[in-house]
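Coordinates as given in entry_34.tsv (TSV, N, CA and C atoms and all ligand atoms):
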```tsv
chain	number	residue	atom	x	y	z
A	6	MET	N	-10.31	6.84	-6.93
A	6	MET	CA	-9.23	5.99	-7.45
A	6	MET	C	-8.26	5.65	-6.31
A	7	LEU	N	-7.97	4.37	-6.18
A	7	LEU	CA	-7.04	3.96	-5.13
A	7	LEU	C	-5.63	3.90	-5.67
A	8	ASP	N	-4.67	4.30	-4.86
A	8	ASP	CA	-3.28	4.16	-5.24
A	8	ASP	C	-2.48	3.91	-3.96
A	9	TYR	N	-1.18	4.01	-4.05
A	9	TYR	CA	-0.35	3.69	-2.90
A	9	TYR	C	-0.47	4.68	-1.75
A	10	HIS	N	-1.14	5.79	-1.99
A	10	HIS	CA	-1.33	6.77	-0.92
A	10	HIS	C	-2.69	6.61	-0.26
A	11	THR	N	-3.43	5.63	-0.70
A	11	THR	CA	-4.78	5.40	-0.16
A	11	THR	C	-4.72	5.02	1.32
A	12	GLU	N	-5.54	5.65	2.11
A	12	GLU	CA	-5.63	5.34	3.54
A	12	GLU	C	-6.44	4.06	3.71
A	13	VAL	N	-6.15	3.32	4.75
A	13	VAL	CA	-6.88	2.09	5.03
A	13	VAL	C	-8.38	2.37	5.11
A	14	SER	N	-8.73	3.52	5.67
A	14	SER	CA	-10.15	3.85	5.85
A	14	SER	C	-10.88	4.05	4.52
A	15	GLU	N	-10.15	4.21	3.44
A	15	GLU	CA	-10.76	4.40	2.12
A	15	GLU	C	-10.94	3.09	1.36
A	16	LEU	N	-10.40	2.01	1.90
A	16	LEU	CA	-10.47	0.73	1.21
A	16	LEU	C	-11.85	0.10	1.32
A	17	PRO	N	-12.18	-0.78	0.37
A	17	PRO	CA	-13.46	-1.47	0.47
A	17	PRO	C	-13.59	-2.25	1.78
A	18	LEU	N	-14.79	-2.45	2.19
A	18	LEU	CA	-15.07	-3.10	3.47
A	18	LEU	C	-14.30	-4.39	3.68
A	19	MET	N	-14.19	-5.20	2.65
A	19	MET	CA	-13.57	-6.50	2.83
A	19	MET	C	-12.13	-6.42	3.32
A	20	TYR	N	-11.46	-5.29	3.14
A	20	TYR	CA	-10.10	-5.16	3.61
A	20	TYR	C	-9.99	-4.51	4.98
A	21	VAL	N	-11.04	-3.95	5.44
A	21	VAL	CA	-10.96	-3.20	6.69
A	21	VAL	C	-11.42	-4.09	7.84
A	22	LEU	N	-10.83	-5.24	7.92
A	22	LEU	CA	-11.21	-6.19	8.94
A	22	LEU	C	-10.16	-6.29	10.04
A	23	THR	N	-9.04	-5.66	9.82
A	23	THR	CA	-7.98	-5.69	10.82
A	23	THR	C	-7.47	-4.26	10.98
A	24	GLU	N	-6.53	-4.11	11.89
A	24	GLU	CA	-5.95	-2.78	12.07
A	24	GLU	C	-4.63	-2.65	11.33
A	25	SER	N	-4.38	-3.59	10.43
A	25	SER	CA	-3.14	-3.56	9.66
A	25	SER	C	-3.05	-2.27	8.85
A	26	THR	N	-1.87	-1.66	8.85
A	26	THR	CA	-1.69	-0.46	8.04
A	26	THR	C	-0.85	-0.77	6.81
A	27	ASP	N	-0.44	-2.01	6.67
A	27	ASP	CA	0.33	-2.41	5.51
A	27	ASP	C	-0.62	-2.72	4.37
A	28	ALA	N	-1.04	-1.67	3.71
A	28	ALA	CA	-2.10	-1.81	2.71
A	28	ALA	C	-1.64	-1.51	1.30
A	29	MET	N	-0.36	-1.34	1.11
A	29	MET	CA	0.12	-0.94	-0.21
A	29	MET	C	-0.27	-1.93	-1.30
A	30	TRP	N	-0.16	-3.21	-1.04
A	30	TRP	CA	-0.49	-4.22	-2.06
A	30	TRP	C	-1.96	-4.15	-2.45
A	31	MET	N	-2.79	-3.68	-1.56
A	31	MET	CA	-4.23	-3.67	-1.82
A	31	MET	C	-4.62	-2.77	-3.00
A	32	ALA	N	-3.77	-1.78	-3.27
A	32	ALA	CA	-4.08	-0.88	-4.39
A	32	ALA	C	-4.06	-1.61	-5.72
A	33	ASP	N	-3.37	-2.76	-5.77
A	33	ASP	CA	-3.30	-3.54	-7.01
A	33	ASP	C	-4.31	-4.69	-7.04
A	34	ALA	N	-5.17	-4.75	-6.06
A	34	ALA	CA	-6.12	-5.87	-5.97
A	34	ALA	C	-7.08	-5.88	-7.16
A	35	ASN	N	-7.27	-7.04	-7.69
A	35	ASN	CA	-8.17	-7.22	-8.84
A	35	ASN	C	-9.63	-7.01	-8.46
A	36	CYS	N	-9.93	-7.07	-7.19
A	36	CYS	CA	-11.32	-7.04	-6.73
A	36	CYS	C	-11.77	-5.66	-6.26
A	37	LEU	N	-10.98	-4.65	-6.47
A	37	LEU	CA	-11.34	-3.33	-5.94
A	37	LEU	C	-12.69	-2.85	-6.45
A	38	ASP	N	-13.02	-3.20	-7.66
A	38	ASP	CA	-14.30	-2.76	-8.21
A	38	ASP	C	-15.39	-3.81	-8.09
A	39	SER	N	-15.10	-4.91	-7.43
A	39	SER	CA	-16.10	-5.97	-7.26
A	39	SER	C	-16.91	-5.69	-5.99
A	40	PRO	N	-18.15	-6.12	-5.99
A	40	PRO	CA	-18.94	-5.91	-4.77
A	40	PRO	C	-18.42	-6.77	-3.62
A	41	ASP	N	-18.41	-6.22	-2.41
A	41	ASP	CA	-17.92	-6.97	-1.24
A	41	ASP	C	-18.67	-8.29	-1.07
A	42	GLU	N	-19.96	-8.26	-1.38
A	42	GLU	CA	-20.81	-9.45	-1.19
A	42	GLU	C	-20.28	-10.64	-1.97
A	43	LEU	N	-19.69	-10.38	-3.12
A	43	LEU	CA	-19.17	-11.47	-3.95
A	43	LEU	C	-18.12	-12.27	-3.18
A	44	PHE	N	-17.34	-11.58	-2.36
A	44	PHE	CA	-16.25	-12.24	-1.63
A	44	PHE	C	-16.67	-12.65	-0.23
A	45	MET	N	-17.52	-11.86	0.39
A	45	MET	CA	-17.86	-12.15	1.78
A	45	MET	C	-19.01	-13.15	1.91
A	46	ALA	N	-19.76	-13.34	0.86
A	46	ALA	CA	-20.85	-14.32	0.93
A	46	ALA	C	-20.43	-15.58	0.20
A	47	ALA	N	-19.13	-15.85	0.28
A	47	ALA	CA	-18.58	-16.93	-0.52
A	47	ALA	C	-18.73	-18.32	0.10
A	48	SER	N	-19.28	-18.40	1.27
A	48	SER	CA	-19.37	-19.71	1.90
A	48	SER	C	-20.64	-20.45	1.48
A	49	GLY	N	-21.36	-19.88	0.53
A	49	GLY	CA	-22.58	-20.53	0.05
A	49	GLY	C	-22.30	-21.69	-0.87
A	50	LYS	N	-23.31	-22.03	-1.60
A	50	LYS	CA	-23.27	-23.21	-2.47
A	50	LYS	C	-22.07	-23.27	-3.40
A	51	ALA	N	-21.81	-22.14	-4.04
A	51	ALA	CA	-20.76	-22.14	-5.07
A	51	ALA	C	-19.36	-22.08	-4.47
A	52	GLN	N	-19.24	-22.03	-3.16
A	52	GLN	CA	-17.94	-21.99	-2.49
A	52	GLN	C	-17.06	-20.86	-3.04
A	53	GLY	N	-17.68	-19.74	-3.35
A	53	GLY	CA	-16.92	-18.58	-3.80
A	53	GLY	C	-16.38	-18.71	-5.22
A	54	TYR	N	-17.02	-19.50	-6.03
A	54	TYR	CA	-16.53	-19.74	-7.39
A	54	TYR	C	-16.29	-18.43	-8.15
A	55	GLN	N	-17.26	-17.53	-8.12
A	55	GLN	CA	-17.11	-16.28	-8.86
A	55	GLN	C	-15.98	-15.42	-8.29
A	56	ALA	N	-15.90	-15.38	-6.98
A	56	ALA	CA	-14.82	-14.60	-6.36
A	56	ALA	C	-13.46	-15.19	-6.73
A	57	LYS	N	-13.37	-16.49	-6.72
A	57	LYS	CA	-12.09	-17.13	-7.04
A	57	LYS	C	-11.68	-16.87	-8.49
A	58	ARG	N	-12.65	-16.69	-9.36
A	58	ARG	CA	-12.32	-16.36	-10.75
A	58	ARG	C	-11.65	-14.99	-10.81
A	59	VAL	N	-12.11	-14.06	-9.98
A	59	VAL	CA	-11.49	-12.73	-9.93
A	59	VAL	C	-10.07	-12.85	-9.36
A	60	CYS	N	-9.92	-13.67	-8.35
A	60	CYS	CA	-8.61	-13.86	-7.70
A	60	CYS	C	-7.59	-14.49	-8.63
A	61	LYS	N	-8.06	-15.36	-9.49
A	61	LYS	CA	-7.15	-16.13	-10.34
A	61	LYS	C	-6.20	-15.23	-11.13
A	62	ALA	N	-6.68	-14.08	-11.58
A	62	ALA	CA	-5.85	-13.18	-12.38
A	62	ALA	C	-5.27	-12.04	-11.55
A	63	CYS	N	-5.34	-12.14	-10.26
A	63	CYS	CA	-4.91	-11.04	-9.39
A	63	CYS	C	-3.40	-11.11	-9.14
A	64	VAL	N	-2.74	-9.99	-9.32
A	64	VAL	CA	-1.28	-9.97	-9.17
A	64	VAL	C	-0.83	-9.95	-7.70
A	65	VAL	N	-1.75	-9.70	-6.79
A	65	VAL	CA	-1.37	-9.68	-5.36
A	65	VAL	C	-2.00	-10.85	-4.60
A	66	ARG	N	-2.25	-11.90	-5.31
A	66	ARG	CA	-2.92	-13.05	-4.68
A	66	ARG	C	-2.12	-13.61	-3.50
A	67	GLU	N	-0.82	-13.73	-3.68
A	67	GLU	CA	0.00	-14.28	-2.58
A	67	GLU	C	-0.04	-13.38	-1.35
A	68	GLN	N	0.12	-12.08	-1.57
A	68	GLN	CA	0.08	-11.15	-0.44
A	68	GLN	C	-1.27	-11.21	0.26
A	69	CYS	N	-2.31	-11.32	-0.54
A	69	CYS	CA	-3.67	-11.36	0.00
A	69	CYS	C	-3.87	-12.61	0.86
A	70	LEU	N	-3.39	-13.72	0.36
A	70	LEU	CA	-3.52	-14.96	1.13
A	70	LEU	C	-2.75	-14.86	2.45
A	71	GLU	N	-1.53	-14.34	2.39
A	71	GLU	CA	-0.74	-14.20	3.62
A	71	GLU	C	-1.42	-13.26	4.60
A	72	TYR	N	-2.00	-12.20	4.07
A	72	TYR	CA	-2.73	-11.23	4.91
A	72	TYR	C	-3.88	-11.92	5.64
A	73	ALA	N	-4.62	-12.71	4.88
A	73	ALA	CA	-5.77	-13.40	5.47
A	73	ALA	C	-5.34	-14.42	6.51
A	74	LEU	N	-4.26	-15.14	6.23
A	74	LEU	CA	-3.78	-16.15	7.19
A	74	LEU	C	-3.22	-15.48	8.44
A	75	LEU	N	-2.41	-14.45	8.22
A	75	LEU	CA	-1.79	-13.74	9.35
A	75	LEU	C	-2.84	-13.09	10.26
A	76	ASN	N	-3.86	-12.53	9.66
A	76	ASN	CA	-4.88	-11.82	10.43
A	76	ASN	C	-6.06	-12.72	10.82
A	77	ARG	N	-5.91	-13.99	10.53
A	77	ARG	CA	-6.93	-15.00	10.89
A	77	ARG	C	-8.34	-14.60	10.41
A	78	LEU	N	-8.41	-14.20	9.15
A	78	LEU	CA	-9.71	-13.85	8.59
A	78	LEU	C	-10.46	-15.14	8.31
A	79	GLU	N	-11.56	-15.31	8.94
A	79	GLU	CA	-12.27	-16.58	8.90
A	79	GLU	C	-13.27	-16.67	7.76
A	80	LEU	N	-13.86	-15.55	7.39
A	80	LEU	CA	-14.94	-15.61	6.41
A	80	LEU	C	-14.54	-15.01	5.07
A	81	GLY	N	-15.11	-15.55	4.02
A	81	GLY	CA	-14.93	-14.97	2.70
A	81	GLY	C	-13.76	-15.56	1.92
A	82	VAL	N	-13.62	-15.07	0.70
A	82	VAL	CA	-12.53	-15.50	-0.17
A	82	VAL	C	-11.42	-14.46	-0.11
A	83	PHE	N	-10.22	-14.93	0.15
A	83	PHE	CA	-9.01	-14.11	0.11
A	83	PHE	C	-7.92	-14.94	-0.54
A	84	GLY	N	-7.14	-14.31	-1.40
A	84	GLY	CA	-6.03	-15.02	-2.03
A	84	GLY	C	-6.47	-16.23	-2.84
A	85	GLY	N	-7.66	-16.20	-3.32
A	85	GLY	CA	-8.16	-17.30	-4.14
A	85	GLY	C	-8.64	-18.50	-3.36
A	86	MET	N	-8.74	-18.37	-2.04
A	86	MET	CA	-9.18	-19.50	-1.22
A	86	MET	C	-10.37	-19.10	-0.36
A	87	ASN	N	-11.31	-20.00	-0.24
A	87	ASN	CA	-12.40	-19.77	0.70
A	87	ASN	C	-11.96	-20.19	2.11
A	88	GLU	N	-12.81	-20.00	3.09
A	88	GLU	CA	-12.41	-20.25	4.47
A	88	GLU	C	-11.97	-21.69	4.71
A	89	ARG	N	-12.64	-22.63	4.09
A	89	ARG	CA	-12.29	-24.04	4.28
A	89	ARG	C	-10.89	-24.33	3.71
A	90	GLU	N	-10.64	-23.79	2.54
A	90	GLU	CA	-9.33	-23.99	1.90
A	90	GLU	C	-8.21	-23.33	2.69
A	91	ARG	N	-8.50	-22.17	3.30
A	91	ARG	CA	-7.46	-21.52	4.11
A	91	ARG	C	-7.17	-22.32	5.37
A	92	ARG	N	-8.22	-22.91	5.96
A	92	ARG	CA	-7.97	-23.76	7.14
A	92	ARG	C	-7.07	-24.93	6.77
A	93	LEU	N	-7.33	-25.51	5.60
A	93	LEU	CA	-6.50	-26.62	5.12
A	93	LEU	C	-5.06	-26.16	4.86
A	94	GLU	N	-4.92	-24.97	4.30
A	94	GLU	CA	-3.59	-24.42	4.03
A	94	GLU	C	-2.83	-24.23	5.35
A	95	LYS	N	-3.51	-23.71	6.36
A	95	LYS	CA	-2.85	-23.52	7.67
A	95	LYS	C	-2.41	-24.86	8.24
A	96	TYR	N	-3.28	-25.86	8.11
A	96	TYR	CA	-2.97	-27.19	8.61
A	96	TYR	C	-1.73	-27.75	7.90
A	97	LYS	N	-1.69	-27.61	6.57
A	97	LYS	CA	-0.55	-28.10	5.78
A	97	LYS	C	0.74	-27.42	6.23
A	98	ARG	N	0.66	-26.11	6.43
A	98	ARG	CA	1.86	-25.37	6.83
A	98	ARG	C	2.36	-25.80	8.20
A	99	ARG	N	1.41	-25.99	9.12
A	99	ARG	CA	1.81	-26.45	10.48
A	99	ARG	C	2.47	-27.81	10.40
A	100	ARG	N	1.89	-28.69	9.59
A	100	ARG	CA	2.44	-30.04	9.44
A	100	ARG	C	3.85	-30.00	8.84
A	101	GLU	N	4.04	-29.16	7.83
A	101	GLU	CA	5.37	-29.04	7.22
A	101	GLU	C	6.39	-28.44	8.19
A	102	ALA	N	5.94	-27.48	8.98
A	102	ALA	CA	6.84	-26.86	9.96
A	102	ALA	C	7.28	-27.89	11.00
A	103	LYS	N	6.36	-28.76	11.39
A	103	LYS	CA	6.69	-29.81	12.37
A	103	LYS	C	7.71	-30.78	11.80
A	104	LYS	N	7.54	-31.14	10.52
A	104	LYS	CA	8.47	-32.05	9.86
A	104	LYS	C	9.88	-31.47	9.86
A	105	GLU	N	9.97	-30.18	9.62
A	105	GLU	CA	11.28	-29.52	9.51
A	105	GLU	C	11.95	-29.32	10.86
A	106	SER	N	11.19	-29.36	11.93
A	106	SER	CA	11.83	-29.12	13.25
A	106	SER	C	12.31	-30.40	13.91
B	1	LIG	S1	-6.52	-12.37	-4.38
B	1	LIG	FE1	-8.72	-12.08	-4.67
B	1	LIG	S2	-9.48	-11.25	-2.74
B	1	LIG	FE2	-7.27	-11.02	-2.78
B	1	LIG	S3	-6.89	-8.98	-3.55
B	1	LIG	FE3	-6.80	-10.37	-5.28
B	1	LIG	S4	-8.83	-10.42	-6.13
B	1	LIG	FE4	-8.99	-9.53	-4.10
```
Could you show the structure in this file as structure tokens?
Amino acid sequence: MLDYHTEVSELPLMYVLTESTDAMWMADANCLDSPDELFMAASGKAQGYQAKRVCKACVVREQCLEYALLNRLELGVFGGMNERERRLEKYKRRREAKKES
């Protein structure tokens, strides 16, 4: 059982892609009991449709997306977005930041 005292090394593979130790939000992840393959093999035909369904009801979706963007996770579904959608999100954010400066 995962909780707020869970070590990063105990987390499912999909989260152990960086050396980040800020893992508290991960204990609330909706996907903890889902197979890693569902999220990491998401670049196929369905564009991670099944994984995104799990993300849709996840209470830490925002944190997960920020984690993926900050750590430049290129593959898989994080925060309800596949890799293509995250690239687009990064592009949008850069464009908005330029407008504001
Ligand atoms: S948003 Fe999706 S990938 Fe991220 S923790 Fe929640 S269920 Fe998992």
Handout entry: Option closest in space to ligand LIG 1 (chain B), from A:Pro40, A:Lys95, A:Phe83, A:Met29 [counting only N, CA and C atoms and all ligand atoms]
Key =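 Of the candidates, the smallest distance to ligand LIG 1 (chain B) is held by A:Phe83.
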Return as lines of an AutoDock Vina configuration file the centre and edge lengths, in Å with one decimal, of the box along x, y and z that encloses every atom of ligand LIG 1 (chain B) in the file, padded by 6 Å per side.
```
center_x = -8.0
center_y = -10.7
center_z = -4.4
size_x = 15.0
size_y = 15.4
size_z = 15.4
```
Per residue of chain A within 5 Å of ligand LIG 1 (chain B), record the nearest atom pair and its distance in Å to one decimal, counting only N, CA and C atoms and all ligand atoms, with rows in chain order and ascending residue number, as CSV.
```
residue,atom,partner,partner_atom,distance
A:Ala34,CA,B:LIG1,S3,4.0
A:Asn35,N,B:LIG1,S4,4.0
A:Cys36,N,B:LIG1,S4,3.7
A:Val59,C,B:LIG1,S4,4.2
A:Cys60,CA,B:LIG1,FE1,3.5
A:Cys63,CA,B:LIG1,FE3,4.6
A:Val65,C,B:LIG1,S1,4.8
A:Arg66,CA,B:LIG1,S1,3.7
A:Cys69,CA,B:LIG1,FE2,4.6
A:Val82,C,B:LIG1,S2,4.6
A:Phe83,CA,B:LIG1,S2,4.1
A:Gly84,N,B:LIG1,FE2,3.6
A:Gly85,N,B:LIG1,S1,4.1
```
Practice task
Could you check which of A:Arg99, A:Arg77, A:Lys57, A:Glu105 is closest to Leu43 (chain A), using all atoms listed in the file?
Solution key: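 Ranking A:Arg99, A:Arg77, A:Lys57, A:Glu105 by distance to Leu43 (chain A), first place goes to A:Lys57.
Here the question is which of A:Val64, A:Ala56, A:Leu93, A:Met45 gets nearest to Asp33 (chain A) using only C-alpha atoms, and that residue is A:Val64.
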